[in-house]
Amino acid sequence: MPPLVFRLPVRFLLTLPLGLAMVLGVGRGDPARAQVLLHLPLPNGELMRAQALQLATDSLRLAQFGQTEEALRRLQLAVAMVPNSSELLYVLGNVHLERGDYAQAVQALQKARALAPDDADILYSLGGAYLRQGSYFAAAEALERAVALQPENPNARFQLGNAYLMLDQWDPARREYEKTLELDPAYWPAMNNIGLVDYEQGDLEAAIKRWERTIEMNDSVAEPYLALATALYIRGETGRAEELGAKAMRLDPSYARLEVLRENLWREKLLRDVQVLLRSRPVAEALQQAAVEQFNRQMGLSEE
């Protein structure tokens with residue numbers, strides 16, 4: 001899945017009164033006027049909102065530098081100060097989502113949706129949280145609404161395809177992936193996932209072509225190499241399959257773990273068949289070597 005991106009919606013900044021925005025350093029204005037405003041009493045509600053905005057802005061900066069624990073603490077305080085802000089709840093939900101706290105992400109984003117039911121960004125993040133949580137029907141419902149509001153958003157289309165894929169709704173999943181590629185021809189995860197659909201539907205040749213095309217689009221990720229290797233192994237091309245499988249292990253040895261493959265939406269047929277490939281000697285040896293090299297890098301023992 002495409003990575004989540006922390007962002008504070010521009011509309012959130014625009015909802016602040018001009019004076020408050022200037023006090024906080026948001027936007028541009030006359031410095032002398034800003035100094036005068038610093039000494040003016042602010043209504044309680046506006047002051048609380050201004051302070052909450054500052055906390056949210058700080059939290060996003062912290063999150064971008066990997067300090068998600070402190071970012072989360074500040075966001076929770078901001079939400080406590082302004083509990084009916086859909087924007088703050090949206091940002092809080094995305095921080096939880098980035099941390100892998102899926103239940104908390106869903107809770108925050110559900111509250112945000114209740115406050116802003118037609119906000120496509122909130123619906124998109126909520127659908128992503130449901131997907132990560134394994135609530136696929138709920139994910140499909142939220143993402144269908146997001147796509148209805150933003151039909152030209154390739155990310156929303158792709159995630160909706162993922163929800164359909166996990167519900168074994170093959171044709172709707174394929175349709176959304178193909179629409180994703182129409183909107184963004186370079187969107188290689190959509191091409192890769194059409195291969196997942198083809199494989200589960202028993203069309204081995206089509207799956208192979210999809211994964212070959214995916215590698216042409218992006219040759220630096222392990223998943224299409226391993227998927228293609230599995231399909232070729234099942235077709236009987238063991239030499240090429242083992243070569244590609246070994247390359248996948250060198251690119252990312254974590255793809256030897258079934259839980260990682262499940263996180264990447266591999267379904268039952270492909271999960272069953274890849275285990276045969278992973279037991280082959282060339283792939284197992286490549287995995288062992290890649291794991292040793294990864295350990296050495298982590299321990300600072302690499303010669304590089």
# chains A, B, ... in the order shown; residues from 1 in each chain; ligands from 1
>>> residues_around(residues="Leu261 of chain A", least_positions_apart="5", cutoff="12 Å", atoms="only C-alpha atoms", output="number ranges by chain")
A: 196, 222-224, 226-227, 252-256, 266-268, 270-272, 274-275
>>> write_last_selection(atoms="N, CA and C atoms", output="compact mmCIF listing (two decimals), in the first residue's frame")
# COMPACT_ATOMS: atom_id res chain seq x y z
N LEU A 196 -2.22 -10.38 -8.78
CA LEU A 196 -2.76 -11.16 -7.66
C LEU A 196 -4.17 -11.68 -7.99
N ALA A 222 10.86 -6.16 -4.07
CA ALA A 222 10.93 -7.62 -4.05
C ALA A 222 9.63 -8.30 -4.48
N GLU A 223 8.49 -7.70 -4.19
CA GLU A 223 7.22 -8.41 -4.33
C GLU A 223 6.96 -8.95 -5.73
N PRO A 224 7.05 -8.14 -6.80
CA PRO A 224 6.75 -8.71 -8.12
C PRO A 224 7.73 -9.79 -8.55
N LEU A 226 9.14 -12.01 -6.53
CA LEU A 226 8.76 -13.24 -5.84
C LEU A 226 7.46 -13.81 -6.40
N ALA A 227 6.51 -12.94 -6.71
CA ALA A 227 5.26 -13.41 -7.29
C ALA A 227 5.49 -14.04 -8.66
N ASP A 252 14.78 -8.01 -0.43
CA ASP A 252 14.08 -7.84 0.84
C ASP A 252 13.77 -9.22 1.44
N PRO A 253 14.63 -9.69 2.36
CA PRO A 253 14.42 -11.03 2.93
C PRO A 253 13.15 -11.16 3.75
N SER A 254 12.54 -10.04 4.15
CA SER A 254 11.30 -10.13 4.93
C SER A 254 10.17 -10.77 4.13
N TYR A 255 10.29 -10.77 2.79
CA TYR A 255 9.24 -11.36 1.96
C TYR A 255 9.22 -12.88 2.04
N ALA A 256 10.14 -13.47 2.76
CA ALA A 256 10.06 -14.92 3.00
C ALA A 256 9.07 -15.24 4.10
N TRP A 266 -1.49 -10.93 -0.37
CA TRP A 266 -1.43 -12.22 -1.07
C TRP A 266 -2.52 -13.12 -0.53
N ARG A 267 -3.18 -13.82 -1.46
CA ARG A 267 -4.28 -14.68 -1.08
C ARG A 267 -3.86 -16.14 -1.08
N GLU A 268 -4.83 -17.03 -0.90
CA GLU A 268 -4.53 -18.41 -0.52
C GLU A 268 -3.74 -19.19 -1.57
N LEU A 270 -1.67 -18.19 -3.98
CA LEU A 270 -0.30 -17.71 -4.10
C LEU A 270 0.49 -17.99 -2.83
N LEU A 271 -0.15 -17.85 -1.67
CA LEU A 271 0.53 -18.16 -0.40
C LEU A 271 0.91 -19.64 -0.33
N ARG A 272 0.03 -20.48 -0.82
CA ARG A 272 0.32 -21.93 -0.83
C ARG A 272 1.49 -22.23 -1.74
N VAL A 274 3.89 -20.23 -3.05
CA VAL A 274 5.19 -19.61 -2.79
C VAL A 274 6.01 -20.41 -1.80
N GLN A 275 5.34 -21.14 -0.92
CA GLN A 275 6.08 -21.92 0.08
C GLN A 275 6.92 -23.02 -0.56
>>> select_by_dssp(residues="segment 112-297 of chain A", states="alpha helix (DSSP H)", output="number ranges by chain")
A: 112-115, 120-133, 136-149, 154-166, 170-183, 188-200, 204-217, 222-235, 238-251, 258-263, 268-278, 281-297
>>> residues_around(residues="Ala108 of chain A", least_positions_apart="3", cutoff="7 Å", atoms="only C-alpha atoms", output="ChimeraX atom specification")
/A:89-90,92-93,104-105,111-112
>>> atom_distance(atom1="atom CA of Asp168 of chain A", atom2="atom CA of Val95 of chain A")
29.6 Å
>>> residues_around(residues="Asp121 of chain A", least_positions_apart="6", cutoff="10 Å", atoms="only C-alpha atoms", output="ChimeraX atom specification")
/A:9,87,90,113,127,146,149-150,156
>>> write_last_selection(atoms="N, CA, C and O atoms", output="PDB file, in the first residue's frame")
ATOM      1  N   PRO A   9      -4.549  19.743   6.527  1.00  0.00           N
ATOM      2  CA  PRO A   9      -5.269  20.315   5.397  1.00  0.00           C
ATOM      3  C   PRO A   9      -5.209  21.833   5.392  1.00  0.00           C
ATOM      4  O   PRO A   9      -5.298  22.477   6.430  1.00  0.00           O
ATOM      5  N   GLU A  87     -10.654  18.240  11.747  1.00  0.00           N
ATOM      6  CA  GLU A  87      -9.285  18.294  11.235  1.00  0.00           C
ATOM      7  C   GLU A  87      -8.293  17.692  12.225  1.00  0.00           C
ATOM      8  O   GLU A  87      -7.420  16.908  11.851  1.00  0.00           O
ATOM      9  N   TYR A  90      -8.731  14.012  12.415  1.00  0.00           N
ATOM     10  CA  TYR A  90      -8.175  13.415  11.199  1.00  0.00           C
ATOM     11  C   TYR A  90      -6.666  13.220  11.330  1.00  0.00           C
ATOM     12  O   TYR A  90      -6.130  12.155  11.020  1.00  0.00           O
ATOM     13  N   ARG A 113     -15.296  11.560  10.983  1.00  0.00           N
ATOM     14  CA  ARG A 113     -16.318  11.372   9.948  1.00  0.00           C
ATOM     15  C   ARG A 113     -17.682  11.839  10.433  1.00  0.00           C
ATOM     16  O   ARG A 113     -18.447  12.426   9.656  1.00  0.00           O
ATOM     17  N   GLY A 127     -10.938   4.335   5.591  1.00  0.00           N
ATOM     18  CA  GLY A 127     -10.919   3.093   4.823  1.00  0.00           C
ATOM     19  C   GLY A 127      -9.591   2.375   4.948  1.00  0.00           C
ATOM     20  O   GLY A 127      -9.544   1.148   5.099  1.00  0.00           O
ATOM     21  N   ALA A 146     -15.493   7.583  -0.492  1.00  0.00           N
ATOM     22  CA  ALA A 146     -14.363   8.449  -0.847  1.00  0.00           C
ATOM     23  C   ALA A 146     -14.216   8.558  -2.363  1.00  0.00           C
ATOM     24  O   ALA A 146     -13.984   9.648  -2.911  1.00  0.00           O
ATOM     25  N   LEU A 149     -16.791  10.751  -3.946  1.00  0.00           N
ATOM     26  CA  LEU A 149     -16.492  12.174  -3.752  1.00  0.00           C
ATOM     27  C   LEU A 149     -15.295  12.619  -4.581  1.00  0.00           C
ATOM     28  O   LEU A 149     -15.229  13.767  -5.028  1.00  0.00           O
ATOM     29  N   GLN A 150     -14.330  11.719  -4.767  1.00  0.00           N
ATOM     30  CA  GLN A 150     -13.127  12.052  -5.529  1.00  0.00           C
ATOM     31  C   GLN A 150     -12.836  10.937  -6.544  1.00  0.00           C
ATOM     32  O   GLN A 150     -11.909  10.143  -6.375  1.00  0.00           O
ATOM     33  N   ALA A 156      -7.346   6.471  -3.715  1.00  0.00           N
ATOM     34  CA  ALA A 156      -8.622   5.962  -3.212  1.00  0.00           C
ATOM     35  C   ALA A 156      -9.088   4.777  -4.054  1.00  0.00           C
ATOM     36  O   ALA A 156      -9.602   3.777  -3.522  1.00  0.00           O
TER      37      ALA A 156
END
>>> residues_around(residues="Ser280 of chain A", least_positions_apart="4", cutoff="8 Å", atoms="only C-alpha atoms", output="PyMOL selection string")
chain A and resi 242+276+284
